[in-house]
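Asks: Got a structure for you, questions after.
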Amino acid sequence: MIILDELPFRIVEGHGFRKFVLVCCPRFKIPSRWTISRDIFKIFSDERVNLKKFFRTSSQRVSITTDTWTSVQRINYMCITAHFIDSEWKLQKKIISFVPIYSHKGESIAKALESCLLDWGLKSVFSVTVDNASSNDTALGFLKKKLVSWDCTAVRCKYLHMRCIAHILNLVVQDGLKECDSSVKKVRDAVRYVRSSPARLQKFKSLADLIGVEAKNSLCLDVPTRWNSTYMMLNTALLFQKVFEAYDDHDSSFKSDLGGSVPDFLDWESIQSLVMILKSFYEMTVRISGSLYVTSNTSFSKISDLSCLLKNMKEATEDSVKLMGKNMRAKFDKYWGEPEKMNFLIFYANILDPRDKIEYMPIQFNQLYGEDKGKTMFDKVIVGLKELFEDYVACFPVQSVEQSDKSSPSITISDYVSVGRPQSLLKSQIKKQKLQSERFPVLSKMGRDILVVPISTVASESAFSISGRVLDAFRSFLTPRIVEALVCAQDWLRLTQPISIEENIDDVERIEKELCSTSSTGVGSSVPTILNDAAACLPAWRLENDADC
């Protein structure tokens with residue numbers, strides 16, 4: 001209860017809790033908080049031993065995400081999360097380390113990673129996903145040398161460094177927002193003014209009721225360094241545009257306190273255009289930031305979609321949108337303009353998606369980089385994929401499967417290659433892929449390693465939300481040893497809610513038909529498009545999905 005519900009140890013000494021236990025079970029002897037602390041650490045130790053046994057007996061490689069966080073104790077913590085797909089093709093995510101780190105330099109990060117991997121016996125690391133801090137480049141350069149010394153092949157070591165796509169997307173949007181600073185600042189100041197006192201907020205709500213503005217969302221203030229909060233603030237403020245325009249007549253100090261920088265009609269027009277643009281980026285960020293479902297198979301498609309979006313912005317008629325698109329494109333080209341600098345795993349994962357396969361990739365390369373460069377890049381991807389497969393064959397030699405598969409039905413090239421395979425055929429495609437994992441064990445291992453690669457550090461960042469509740473104002477004296485026990489034990493004991501795509505595919509098809517019939521009547525026309533986009537991101541194997549999705 002204390003681990004999962006993040007309760008303080010002192011709860012067992014509370015009068016109300018003791019009275020509750022006395023009523024429920026009078027003969028139960030309530031332990032002290034010191035006993036609770038020892039028991040929790042024992043649970044953590046036991047679960048840790050079990051997880052270590054699993055890693056030792058499993059030949060599956062793991063991918064890692066890591067990030068750092070500063071607690072209320074002013075202690076820097078580093079979280080390391082291991083990701084892997086088990087033999088049942090279920091996605092697994094385990095926090096394996098949550099320890100203090102006393103420097104953000106690359107050497108310190110590398111040593112913390114090395115110490116963690118040695119402690120867990122994880123020498124088969126496929127990739128490490130980090131943000132774009134320069135210290136991470138140094139750390140992964142050091143770690144790559146260590147992996148080579150641990151007999152990890154040079155072929156797999158070159159795919160070690162995976163940059164967080166969500167972080168790059170954040171940098172792209174931040175550069176675009178610089179061109180709308182004046183209008184955004186006016187709206188931010190207006191929201192801050194209204195929220196600064198209960199009287200002003202009540203007057204604003206009364207005016208909204210008088211005008212007839214019906215909105216369930218309330219005004220929220222953003223964090224300027226986080227563009228997604230800026231999007232939510234602007235999106236909510238647009239709902240109350242008429243209220244803001246009328247509020248000036250009901251509050252004489254509104255304009256004077258803001259120094260005359262009250263949002264006018266042109267500002268609201270600019271904000272409306274900005275919100276429409278940010279909505280696409282926001283939905284893209286949510287899609288790629290999952291931690292309980294596969295994201296690598298859609299990463300290249302998202303980069304391609306982003307490129308098309310920025311191209312349309314640069315060709316827009318509005319000067320402000322065109323300038324935003326120009327700035328965003330410059331940041332986009334810095335990270336994704338040269339495909340040779342990108343981690344090829346995102347291309348391999350796209351090929352392994354049974355709904356895209358290999359035929360669709362040349363089209364995407366041509367759209368992104370032109371025909372000449374696109375063809376050259378596609379040839380490099382094919383050569384690299386074959387090289388990686390040969391490396392797996394050398395590491396996992398298997399006997400010929402010709403004799404054992406004589407009775408198996410023949411599979412033609414059409415079973416493997418498809419472009420945008422219809423949703424109605426996805427169910428049979430899933431069963432084929434699971435069946436083929438027994439026929440092609442080497443390809444199956446390689447596929448699991450590639451598909452599990454996380455393209456964002458959200459898994460490690462979400463652990464900081466847990467640790468922020470663990471180390472709140474009431475538990476700020478917990479030692480780092482107990483903090484790690486609480487965070488890791490909660491992650492290992494808390495059950496996820498798996499969704500079997502095979503079992504739910506019929507329901508998806510039925511809902512899609514109902515939505516399509518609804519759209520023909522003119523209601524909810526955008527819903528089928530959203531459903532199709534969501535279906536395109538479903539992995540073709542039975543993996544666990546995020547509860548939010």
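Residues are named by chain letter and number: chains run A, B, ... in the order of the structure tokens, numbers start at 1 in each chain, and ligands are numbered from 1 in the order shown.
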Which residues are near Asp319 in chain A? Cut-off 12 Å, only C-alpha atoms, ignore same chain within fewer than 5 positions. Put them as an NGL selection string.

Replies: :A and (179-180 or 270 or 273 or 313-314 or 324-326)

Asks: Write out as an MDAnalysis selection string the residues lying within 7 Å of range 481-494 of chain A, counting only C-alpha atoms and excluding same-chain residues fewer than 5 positions away.

Replies: chainID A and resid 3:4 41 44 94:96 98:99 466:467

Asks: With distances taken over only C-alpha atoms, which residue among A:Thr129, A:Ser253, A:Gln174, A:Thr479 lies nearest Ser37 in chain A?

Replies: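 Among A:Thr129, A:Ser253, A:Gln174, A:Thr479, it is A:Thr479 that comes nearest to Ser37 in chain A.
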
Asks: Counting only C-alpha atoms, which residue out of A:Gln272, A:Ser103, A:Thr230, A:Gln92 sits closest to Trp69 in chain A?

Replies: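 Of the candidates, the smallest distance to Trp69 in chain A is held by A:Ser103.
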
Asks: Which polymer residues have any atom within 12 Å of an atom of Lys322 in chain A, counting only C-alpha atoms, with same-chain residues fewer than 5 positions away left out, as a ChimeraX atom specification?

Replies: /A:176,179-180,273-274,277,309-317,327-329

Asks: What are the closest atom pairs, with distances in Å to one decimal, for each residue of range 118-168 of chain A lying within 12 Å of range 46-57 of chain A, using only C-alpha atoms, rows by chain and rising residue number, as a Markdown table?

Replies:
| residue | atom | partner | partner_atom | distance |
| --- | --- | --- | --- | --- |
| A:Leu118 | CA | A:Lys52 | CA | 11.4 |
| A:Asp119 | CA | A:Lys52 | CA | 9.3 |
| A:Trp120 | CA | A:Lys52 | CA | 6.2 |
| A:Gly121 | CA | A:Arg56 | CA | 7.2 |
| A:Leu122 | CA | A:Phe55 | CA | 7.4 |
| A:Lys123 | CA | A:Arg56 | CA | 10.3 |
| A:Ser124 | CA | A:Phe55 | CA | 10.2 |
| A:Val125 | CA | A:Phe55 | CA | 11.7 |

Asks: Taking 5 positions as the minimum chain separation for residues in the same chain, which residues sit within 12 Å of Leu238 in chain A when counting only C-alpha atoms? Answer as a PyMOL selection string.

Replies: chain A and resi 184+187-188+191+213+215+217-220+231-233+243-245+263+265+267-276

Asks: How about saving the chosen residues, C-alpha atoms kept, as an mmCIF file, in the first residue's frame?

Replies:
data_model
loop_
_atom_site.group_PDB
_atom_site.id
_atom_site.type_symbol
_atom_site.label_atom_id
_atom_site.label_comp_id
_atom_site.auth_asym_id
_atom_site.auth_seq_id
_atom_site.Cartn_x
_atom_site.Cartn_y
_atom_site.Cartn_z
ATOM 1 C CA VAL A 184 1.760 35.305 -27.133
ATOM 2 C CA VAL A 187 -2.304 36.813 -24.124
ATOM 3 C CA ARG A 188 -0.049 35.453 -21.366
ATOM 4 C CA VAL A 191 -4.358 35.463 -18.475
ATOM 5 C CA VAL A 213 -19.477 31.425 -23.471
ATOM 6 C CA ALA A 215 -16.338 26.215 -22.008
ATOM 7 C CA ASN A 217 -11.799 24.410 -19.567
ATOM 8 C CA SER A 218 -10.633 27.179 -17.280
ATOM 9 C CA LEU A 219 -7.859 29.672 -17.933
ATOM 10 C CA CYS A 220 -4.401 28.199 -17.401
ATOM 11 C CA TYR A 231 -0.385 25.632 -26.720
ATOM 12 C CA MET A 232 -2.885 24.628 -24.032
ATOM 13 C CA MET A 233 -2.934 28.173 -22.632
ATOM 14 C CA VAL A 243 -14.819 37.635 -22.737
ATOM 15 C CA PHE A 244 -11.355 39.205 -22.872
ATOM 16 C CA GLU A 245 -12.601 41.815 -25.340
ATOM 17 C CA PRO A 263 -4.629 41.631 -27.152
ATOM 18 C CA PHE A 265 -8.115 41.708 -33.137
ATOM 19 C CA ASP A 267 -3.303 39.459 -32.031
ATOM 20 C CA TRP A 268 -6.213 37.037 -31.760
ATOM 21 C CA GLU A 269 -5.983 36.276 -35.484
ATOM 22 C CA SER A 270 -2.291 35.520 -35.068
ATOM 23 C CA ILE A 271 -3.004 33.326 -32.030
ATOM 24 C CA GLN A 272 -5.680 31.390 -33.899
ATOM 25 C CA SER A 273 -3.275 30.587 -36.738
ATOM 26 C CA LEU A 274 -0.594 29.631 -34.237
ATOM 27 C CA VAL A 275 -2.920 27.272 -32.352
ATOM 28 C CA MET A 276 -3.843 25.464 -35.573
#

Asks: With distances taken over only C-alpha atoms, which of A:Val294, A:Val12, A:Ile346, A:Val155 is nearest to Phe389 in chain A?

Replies: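 Nearest to Phe389 in chain A: A:Val155.
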
Asks: Compile a residue-level contact table for range 72-132 of chain A against range 157-167 of chain A at a cut-off of 8 Å, reporting for every qualifying residue the shortest atom pair and its distance in Å to one decimal, with only C-alpha atoms counted, rows ordered by chain and ascending number, as CSV.

Replies:
residue,atom,partner,partner_atom,distance
A:Val125,CA,A:Leu160,CA,7.8
A:Phe126,CA,A:Leu160,CA,6.0
A:Ser127,CA,A:Leu160,CA,4.1
A:Val128,CA,A:His161,CA,5.5
A:Thr129,CA,A:Met162,CA,4.6
A:Val130,CA,A:Arg163,CA,5.5
A:Asp131,CA,A:Cys164,CA,5.1
A:Asn132,CA,A:Arg163,CA,6.4

Asks: For the residues in that selection, give me C-alpha atoms as a short mmCIF file (atom, residue, chain, number, x, y, z; two decimals), in the first residue's frame.

Replies:
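Resulting contents of result.cif:
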data_model
loop_
_atom_site.label_atom_id
_atom_site.label_comp_id
_atom_site.auth_asym_id
_atom_site.auth_seq_id
_atom_site.Cartn_x
_atom_site.Cartn_y
_atom_site.Cartn_z
CA VAL A 125 22.72 -3.11 -24.96
CA PHE A 126 21.27 -2.29 -28.37
CA SER A 127 20.55 1.44 -28.05
CA VAL A 128 20.51 4.28 -25.53
CA THR A 129 17.95 7.06 -26.02
CA VAL A 130 18.97 10.45 -24.58
CA ASP A 131 18.24 14.11 -25.17
CA ASN A 132 20.51 16.42 -27.18
#

Asks: Could you give me, as a VMD selection string, the residues within 10 Å of Phe142 in chain A, counting only C-alpha atoms and dropping anything in the same chain fewer than 3 positions from it?

Replies: chain A and resid 106 to 107 109 to 111 114 136 to 139 145 to 147

Asks: Of the candidates A:Ile36, A:Val148, A:Lys380, A:Lys185, which one gets nearest to Val223 in chain A if we count only C-alpha atoms?

Replies: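 Looking only at the distances to Val223 in chain A, the closest residue turns out to be A:Lys185.
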
Asks: Of the candidates A:Leu169, A:Ile30, A:Ile40, A:Val23, which shows the shortest atom-to-atom distance to Ile11 in chain A, using only C-alpha atoms?

Replies: A:Ile30

Asks: So, with only C-alpha atoms as the atoms that count, which of A:Leu388, A:Val383, A:Ala394, A:Cys308 lies closest to Arg156 in chain A?

Replies: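 The closest residue to Arg156 in chain A is A:Leu388.
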